[in-house]
file model_13.txt (compact mmCIF, C-alpha atoms)
# COMPACT_ATOMS: atom_id res chain seq x y z
CA MET A 216 0.00 0.00 0.00
CA THR A 217 1.35 3.44 -0.94
CA ARG A 218 2.14 5.68 2.00
CA PRO A 219 -0.25 8.66 2.15
CA THR A 220 1.15 12.08 1.30
CA THR A 221 1.42 14.37 4.31
CA THR A 222 2.37 18.04 4.31
CA ALA A 223 3.09 19.98 7.49
CA VAL A 224 1.85 23.58 7.68
CA VAL A 225 3.64 25.65 10.31
CA VAL A 226 2.27 29.12 11.06
CA THR A 227 4.78 31.64 12.40
CA TYR A 228 4.54 35.13 13.85
CA GLU A 229 7.68 36.80 15.21
CA PRO A 230 9.24 33.36 15.68
CA GLY A 231 12.28 32.41 17.67
CA PRO A 232 14.63 29.73 16.34
CA LEU A 233 12.69 27.22 14.21
CA GLY A 234 15.43 24.70 13.51
CA GLY A 235 14.33 22.20 16.16
CA LEU A 236 10.74 22.11 14.92
CA LEU A 237 11.62 21.81 11.23
CA GLU A 238 14.24 19.17 11.99
CA ALA A 239 11.58 17.14 13.83
CA LEU A 240 8.98 17.53 11.07
CA ALA A 241 11.12 16.94 7.97
CA PRO A 242 11.67 13.17 8.38
CA GLN A 243 8.03 12.58 9.33
CA CYS A 244 6.29 14.49 6.55
CA ASP A 245 6.61 14.52 2.76
CA ALA A 246 6.84 18.31 2.69
CA VAL A 247 6.97 21.19 5.16
CA LEU A 248 5.40 24.59 4.49
CA VAL A 249 6.02 27.57 6.77
CA VAL A 250 3.47 30.39 6.52
CA ASP A 251 4.78 33.59 8.06
CA ASN A 252 2.05 35.92 9.28
CA GLY A 253 3.71 39.30 8.76
CA SER A 254 6.73 39.02 11.06
CA ALA A 255 9.13 41.96 11.28
CA ALA A 256 12.59 41.63 9.73
CA PRO A 257 14.33 39.74 12.59
CA GLY A 258 11.65 37.06 12.90
CA LEU A 259 11.22 36.77 9.15
CA GLY A 260 14.97 36.38 8.81
CA ARG A 261 14.96 33.51 11.28
CA ALA A 262 12.14 31.84 9.34
CA ARG A 263 13.99 32.24 6.03
CA GLU A 264 17.21 30.85 7.49
CA ALA A 265 15.50 27.82 9.08
CA CYS A 266 13.54 27.00 5.93
CA ALA A 267 16.64 27.19 3.77
CA ALA A 268 18.54 24.94 6.16
CA HIS A 269 15.84 22.28 6.40
CA GLY A 270 14.33 22.24 2.92
CA ALA A 271 11.02 23.82 3.88
CA ARG A 272 9.04 26.17 1.66
CA LEU A 273 8.33 29.61 3.12
CA ILE A 274 5.15 31.50 2.27
CA GLU A 275 5.43 35.16 3.32
CA LEU A 276 2.05 36.82 3.84
CA GLY A 277 3.54 40.25 4.48
CA GLU A 278 0.96 41.17 7.13
CA ASN A 279 -0.76 39.53 10.06
CA LEU A 280 -3.91 38.00 8.60
CA GLY A 281 -4.62 35.85 11.65
CA ILE A 282 -4.08 32.18 12.39
CA ALA A 283 -7.07 30.94 10.37
CA ALA A 284 -6.09 32.80 7.20
CA ALA A 285 -2.50 31.59 7.48
CA GLN A 286 -3.68 28.00 7.95
CA ASN A 287 -5.98 28.31 4.95
CA ARG A 288 -3.12 29.60 2.77
CA GLY A 289 -0.91 26.73 3.84
CA ILE A 290 -3.67 24.15 3.34
CA ALA A 291 -4.32 25.47 -0.18
CA ALA A 292 -0.62 25.17 -1.02
CA ALA A 293 -0.52 21.63 0.41
CA ARG A 294 -3.51 20.66 -1.72
CA GLU A 295 -1.78 22.05 -4.83
CA GLN A 296 1.21 19.84 -4.03
CA GLY A 297 -1.01 16.75 -3.97
CA ALA A 298 -1.18 16.17 -0.21
CA GLN A 299 -3.81 13.83 1.20
CA TYR A 300 -3.30 14.97 4.78
CA VAL A 301 -2.15 18.22 6.31
CA LEU A 302 -0.48 18.47 9.71
CA LEU A 303 -1.00 21.84 11.40
CA SER A 304 1.67 23.14 13.75
CA ASP A 305 2.36 26.20 15.86
CA GLN A 306 5.88 27.58 15.96
CA ASP A 307 6.30 26.57 19.63
CA SER A 308 5.49 22.86 19.25
CA ILE A 309 7.83 19.87 18.84
CA PRO A 310 6.44 16.47 17.76
CA SER A 311 7.87 13.24 19.11
CA PRO A 312 9.79 11.19 16.49
CA THR A 313 6.85 8.83 15.88
CA MET A 314 3.95 11.26 16.27
CA VAL A 315 3.00 11.63 12.61
CA ALA A 316 3.19 7.87 11.94
CA GLN A 317 0.93 7.21 14.93
CA LEU A 318 -1.58 9.82 13.76
CA LEU A 319 -1.58 8.43 10.21
CA GLU A 320 -2.23 4.94 11.51
CA ALA A 321 -5.21 6.18 13.51
CA ILE A 322 -6.81 8.34 10.81
CA GLU A 323 -6.62 5.55 8.23
CA GLU A 324 -8.58 3.18 10.50
CA ASP A 325 -11.87 4.85 9.56
CA GLY A 326 -12.71 6.97 6.53
CA ARG A 327 -15.18 8.93 8.67
CA ILE A 328 -12.39 10.45 10.77
CA ALA A 329 -11.83 14.06 9.71
CA ALA A 330 -8.86 14.71 11.97
CA VAL A 331 -6.72 13.17 14.67
CA GLY A 332 -4.53 14.80 17.26
CA PRO A 333 -1.76 13.90 19.70
CA LEU A 334 -1.50 14.47 23.42
CA PRO A 335 -0.17 18.04 23.66
CA ALA A 336 1.61 18.69 26.94
CA GLU A 337 3.71 21.56 28.23
CA GLU A 338 7.13 21.10 29.77
CA ARG A 339 6.70 23.25 32.87
CA GLU A 340 5.24 23.08 36.33
CA GLY A 341 1.45 23.05 36.22
CA ALA A 342 1.50 21.75 32.66
CA ASP A 343 -1.81 21.08 30.95
CA GLU A 344 -2.74 18.13 28.76
CA LEU A 345 -4.95 19.71 26.17
CA VAL A 346 -7.39 17.00 25.06
CA TYR A 347 -11.09 17.88 25.27
CA VAL A 348 -14.03 15.49 25.40
CA ASP A 349 -17.74 16.27 25.20
CA ARG A 350 -19.19 16.22 28.71
CA GLY A 351 -22.69 17.11 27.52
CA TRP A 352 -22.72 20.69 28.75
CA SER A 353 -19.35 21.65 27.27
CA PRO A 354 -15.92 20.37 26.22
CA LYS A 355 -13.86 19.37 29.25
CA ARG A 356 -10.29 18.17 29.60
CA ALA A 357 -9.94 14.41 29.40
CA THR A 358 -9.30 12.49 32.60
CA LYS A 359 -6.20 10.39 33.24
CA ALA A 360 -8.28 7.24 32.69
CA GLU A 361 -9.51 8.52 29.33
CA LEU A 362 -5.99 9.46 28.29
CA ALA A 363 -4.89 5.88 28.97
CA ARG A 364 -6.97 4.68 26.01
CA PRO A 365 -5.32 4.13 22.61
CA ARG A 366 -8.05 6.18 20.88
CA LEU A 367 -10.39 8.78 22.32
CA GLU A 368 -13.38 10.46 20.69
CA VAL A 369 -13.09 14.21 21.33
CA ALA A 370 -15.17 17.37 21.12
CA PHE A 371 -12.52 19.23 19.14
CA LEU A 372 -8.76 19.16 18.60
CA ILE A 373 -6.36 22.00 19.26
CA ALA A 374 -4.72 23.07 16.01
CA SER A 375 -1.09 22.35 16.78
CA GLY A 376 -0.31 18.72 15.99
CA CYS A 377 -3.69 18.15 14.33
CA LEU A 378 -3.59 15.88 11.26
CA ILE A 379 -6.51 16.66 8.94
CA ARG A 380 -7.87 14.68 6.01
CA LEU A 381 -8.00 17.06 3.05
CA SER A 382 -11.17 15.44 1.71
CA ALA A 383 -12.81 16.31 5.04
CA LEU A 384 -11.68 19.91 4.67
CA ALA A 385 -13.29 20.00 1.25
CA SER A 386 -16.53 18.77 2.87
CA VAL A 387 -16.50 20.82 6.09
CA GLY A 388 -14.97 24.01 4.71
CA LYS A 389 -12.01 26.23 5.55
CA MET A 390 -10.95 27.64 8.89
CA ARG A 391 -13.08 30.62 9.78
CA GLU A 392 -10.92 33.66 9.09
CA ASP A 393 -13.05 36.34 10.75
CA LEU A 394 -12.34 34.80 14.17
CA PHE A 395 -8.72 35.79 13.50
CA ILE A 396 -7.06 33.76 16.25
CA ASP A 397 -8.94 32.21 19.19
CA HIS A 398 -11.54 29.40 18.95
CA VAL A 399 -10.70 28.74 15.29
CA ASP A 400 -9.98 25.07 16.05
CA LEU A 401 -13.08 24.78 18.27
CA GLU A 402 -15.35 26.24 15.60
CA TRP A 403 -13.99 23.99 12.84
CA GLY A 404 -14.21 20.92 15.05
CA VAL A 405 -17.85 21.57 15.93
CA ARG A 406 -18.63 22.13 12.26
CA ALA A 407 -16.92 18.86 11.32
CA ARG A 408 -18.85 16.86 13.91
CA LYS A 409 -22.16 18.42 12.86
CA ALA A 410 -21.37 17.32 9.31
CA GLY A 411 -21.03 13.71 10.50
CA TRP A 412 -17.24 13.44 10.78
CA ARG A 413 -15.32 12.01 13.74
CA LEU A 414 -12.49 13.67 15.68
CA VAL A 415 -10.10 11.37 17.51
CA ALA A 416 -7.21 11.90 19.91
CA VAL A 417 -4.28 9.48 20.03
CA PRO A 418 -2.85 9.88 23.56
CA GLY A 419 0.15 7.71 22.73
CA ALA A 420 1.29 10.29 20.16
CA LYS A 421 3.15 13.04 22.00
CA LEU A 422 3.60 16.73 21.24
CA THR A 423 5.53 19.19 23.34
CA HIS A 424 3.54 22.39 23.17
CA SER A 425 3.96 25.86 24.65
CA LEU A 426 0.95 28.16 25.00
CA GLY A 427 3.17 31.10 25.87
CA ASP A 428 0.94 32.14 28.77
CA ASP A 429 1.52 32.42 32.48
CA VAL A 430 -0.34 29.90 34.62
CA VAL A 431 -1.71 30.27 38.13
CA ARG A 432 -3.17 27.79 40.57
CA LEU A 433 -6.45 28.69 42.26
CA PRO A 434 -7.55 27.16 45.57
CA GLY A 435 -9.92 24.23 45.07
CA ARG A 436 -9.15 23.90 41.36
CA ASP A 437 -7.04 21.02 40.05
CA GLN A 438 -6.38 22.46 36.60
CA PRO A 439 -4.15 25.51 36.14
CA VAL A 440 -5.62 28.78 34.88
CA HIS A 441 -3.88 30.32 31.88
CA VAL A 442 -3.36 34.08 32.08
CA HIS A 443 -3.36 35.58 28.60
CA SER A 444 -2.28 39.02 27.43
CA PRO A 445 -4.94 41.78 27.29
CA ILE A 446 -5.23 41.50 23.50
CA ARG A 447 -5.82 37.76 23.80
CA ASN A 448 -8.46 38.51 26.47
CA TYR A 449 -10.18 40.53 23.75
CA TYR A 450 -10.16 37.78 21.12
CA ILE A 451 -11.12 34.98 23.51
CA LEU A 452 -14.10 36.81 25.02
CA ARG A 453 -15.24 38.36 21.73
CA ASN A 454 -15.14 35.07 19.85
CA THR A 455 -16.83 33.18 22.69
CA ILE A 456 -19.72 35.64 22.60
CA ALA A 457 -19.85 35.52 18.80
CA LEU A 458 -20.04 31.71 18.75
CA VAL A 459 -22.66 31.60 21.52
CA ARG A 460 -24.84 33.92 19.45
CA THR A 461 -24.88 31.46 16.54
CA SER A 462 -26.72 28.16 16.25
CA LEU A 463 -23.47 26.26 15.60
CA LEU A 464 -22.77 25.27 19.20
CA PRO A 465 -25.07 22.73 20.88
CA GLY A 466 -27.66 24.37 23.13
CA LYS A 467 -26.10 23.09 26.37
CA TRP A 468 -22.69 24.32 25.27
CA ARG A 469 -24.07 27.80 24.64
CA ILE A 470 -25.43 27.97 28.18
CA ARG A 471 -22.18 26.72 29.68
CA TYR A 472 -20.05 29.06 27.58
CA CYS A 473 -22.11 32.04 28.79
CA TYR A 474 -21.25 31.04 32.35
CA TRP A 475 -17.61 30.48 31.41
CA ALA A 476 -17.38 33.86 29.65
CA ALA A 477 -18.67 35.65 32.76
CA LYS A 478 -16.09 33.88 34.94
CA TYR A 479 -13.32 34.56 32.43
CA ALA A 480 -14.15 38.25 32.25
CA ALA A 481 -14.40 38.63 36.03
CA PHE A 482 -11.09 36.85 36.70
CA ASN A 483 -9.16 38.83 34.12
CA ALA A 484 -10.76 42.15 35.02
CA PHE A 485 -10.04 41.95 38.73
CA ALA A 486 -7.56 39.16 39.59
CA ALA A 487 -5.05 38.76 36.75
CA GLY A 488 -3.06 41.98 37.13
CA ASP A 489 -2.89 44.96 34.76
CA GLY A 490 -6.60 45.33 35.40
CA LYS A 491 -7.13 48.70 33.70
CA ALA A 492 -5.83 47.47 30.34
CA ARG A 493 -7.70 44.19 30.65
CA ARG A 494 -11.00 45.84 31.58
CA LYS A 495 -10.71 48.11 28.54
CA MET A 496 -10.14 45.14 26.25
CA LEU A 497 -12.91 43.10 27.84
CA ARG A 498 -15.44 45.91 27.46
CA LYS A 499 -14.59 46.23 23.78
CA ALA A 500 -14.67 42.45 23.37
CA ALA A 501 -18.19 42.31 24.78
CA ALA A 502 -19.36 45.19 22.57
CA ASP A 503 -17.83 43.74 19.41
CA GLY A 504 -19.00 40.20 20.20
CA PHE A 505 -22.62 41.24 20.62
CA LYS A 506 -22.48 43.40 17.49
CA GLY A 507 -20.87 40.61 15.48
CA ARG A 508 -17.87 42.82 14.71
CA LEU A 509 -15.13 40.30 14.01
CA GLY A 510 -11.80 40.24 12.17
CA PRO A 511 -8.58 41.83 13.47
CA PHE A 512 -8.75 44.10 16.53
CA GLN A 513 -9.61 47.71 15.70
CA GLU A 514 -9.64 50.63 18.10
call {"tool": "encode", "arguments": {"input": "model_13.txt", "output": "structure tokens"}}
result
Amino acid sequence: MTRPTTTAVVVTYEPGPLGGLLEALAPQCDAVLVVDNGSAAPGLGRAREACAAHGARLIELGENLGIAAAQNRGIAAAREQGAQYVLLSDQDSIPSPTMVAQLLEAIEEDGRIAAVGPLPAEEREGADELVYVDRGWSPKRATKAELARPRLEVAFLIASGCLIRLSALASVGKMREDLFIDHVDLEWGVRARKAGWRLVAVPGAKLTHSLGDDVVRLPGRDQPVHVHSPIRNYYILRNTIALVRTSLLPGKWRIRYCYWAAKYAAFNAFAAGDGKARRKMLRKAAADGFKGRLGPFQE
């Protein structure tokens, strides 16, 4: 049987050194595409240097179009090259040496699987294992017992490390570009499941992943809380409100996400530090979310 064609799509924005990531991807994929989302000269120079050294193709967008648009550009280029599967990656992720092979094995078990993902884990104290299952009222992180299974049906897959069947993308549609950055993977995953596709996690496939956020521990809560920048507060709250206002999310999820959004706004407005800047961003996020004003942040 001929090995399926897999192209990695790495999205960069002001990246640090990329050599480790491209070195890990090159032997596992048939091609590697790097889509740079408008980095300034130093970051773009690092991307050019790493791509030249590791045989990757660099697509320079020239401006920050958002994660979804960059992924869509990379996916289109992968399709033109004849790929059957596309592996999405952030610039701060490193796959284990067998990750792609494990994901390919899983996705080929059932033609109804749109995408599979690894177990993304951070290498720091309070690290999170970012696999989400449908608990009825909302996606929740998988338990240790669930992560011990060889395959796990999930609510959605985080983008980095996600292996997607291109025929499923043709059926489900592109990543939603007006969300710009946050909840892009959630929205696509929900759309895929509504269209009858399966999403599966492969906990044995490992991905080292950095969210780039600070984490804090709250009394009585087992899972760490990620503290994002004020601009990310804007996108997360705005896009949560925008998705809740549509009919895409299941009814129970919409109720739960309303509760979550209120908690998220309260924590970041009063307990996360830099409260004045955060409150300004959260107010604008709420206004834009209810008005349906999406796309890149605008004053």
call {"tool": "residues_around", "arguments": {"input": "model_13.txt", "residues": "stretch 380-382 of chain A", "least_positions_apart": "5", "cutoff": "10 Å", "atoms": "only C-alpha atoms", "output": "PyMOL selection string"}}
result
chain A and resi 221+290-291+293-294+297-302+319+322-323+326-331+387-388
call {"tool": "atom_distance", "arguments": {"input": "model_13.txt", "atom1": "atom CA of A:Cys244", "atom2": "atom CA of A:Arg356"}}
result
28.6 Å
call {"tool": "atom_distance", "arguments": {"input": "model_13.txt", "atom1": "atom CA of A:Lys491", "atom2": "atom CA of A:Asp393"}}
result
26.7 Å
call {"tool": "atom_distance", "arguments": {"input": "model_13.txt", "atom1": "atom CA of A:Ile373", "atom2": "atom CA of A:Lys499"}}
result
26.0 Å
call {"tool": "closest_residue", "arguments": {"input": "model_13.txt", "among": "A:Arg406, A:Lys389, A:Arg364, A:Arg447", "to": "A:Ala420", "atoms": "all atoms listed in the file"}}
result
A:Arg364
call {"tool": "residues_near_point", "arguments": {"input": "model_13.txt", "point": "(1.2, 36.4, 14.3)", "cutoff": "10 Å", "atoms": "only C-alpha atoms", "output": "compact mmCIF listing (two decimals) with C-alpha atoms, in the coordinates of the input"}}
result
# COMPACT_ATOMS: atom_id res chain seq x y z
CA VAL A 226 2.27 29.12 11.06
CA THR A 227 4.78 31.64 12.40
CA TYR A 228 4.54 35.13 13.85
CA GLU A 229 7.68 36.80 15.21
CA PRO A 230 9.24 33.36 15.68
CA ASP A 251 4.78 33.59 8.06
CA ASN A 252 2.05 35.92 9.28
CA GLY A 253 3.71 39.30 8.76
CA SER A 254 6.73 39.02 11.06
CA GLU A 278 0.96 41.17 7.13
CA ASN A 279 -0.76 39.53 10.06
CA LEU A 280 -3.91 38.00 8.60
CA GLY A 281 -4.62 35.85 11.65
CA ILE A 282 -4.08 32.18 12.39
CA ALA A 285 -2.50 31.59 7.48
CA PHE A 395 -8.72 35.79 13.50
CA ILE A 396 -7.06 33.76 16.25
call {"tool": "residues_near_point", "arguments": {"input": "model_13.txt", "point": "(8.4, 15.0, 22.8)", "cutoff": "10 Å", "atoms": "all atoms listed in the file", "output": "ChimeraX atom specification"}}
result
/A:239,308-314,334-338,420-424
call {"tool": "closest_residue", "arguments": {"input": "model_13.txt", "among": "A:Ser353, A:Gln317, A:Thr220, A:Ser304", "to": "A:Pro465", "atoms": "all atoms listed in the file"}}
result
A:Ser353
call {"tool": "residues_around", "arguments": {"input": "model_13.txt", "residues": "A:Pro445", "least_positions_apart": "5", "cutoff": "12 Å", "atoms": "all atoms listed in the file", "output": "JSON, numbers by chain"}}
result
{"A": [428, 450, 451, 452, 480, 483, 484, 487, 488, 489, 490, 491, 492, 493, 494, 495, 496, 497, 498, 499, 500, 512]}
call {"tool": "closest_residue", "arguments": {"input": "model_13.txt", "among": "A:Tyr347, A:Trp352, A:Phe485, A:Tyr449", "to": "A:Cys473", "atoms": "all atoms listed in the file"}}
result
A:Trp352
call {"tool": "closest_residue", "arguments": {"input": "model_13.txt", "among": "A:Leu458, A:Ala416, A:Val247, A:Ala385", "to": "A:Ala357", "atoms": "all atoms listed in the file"}}
result
A:Ala416
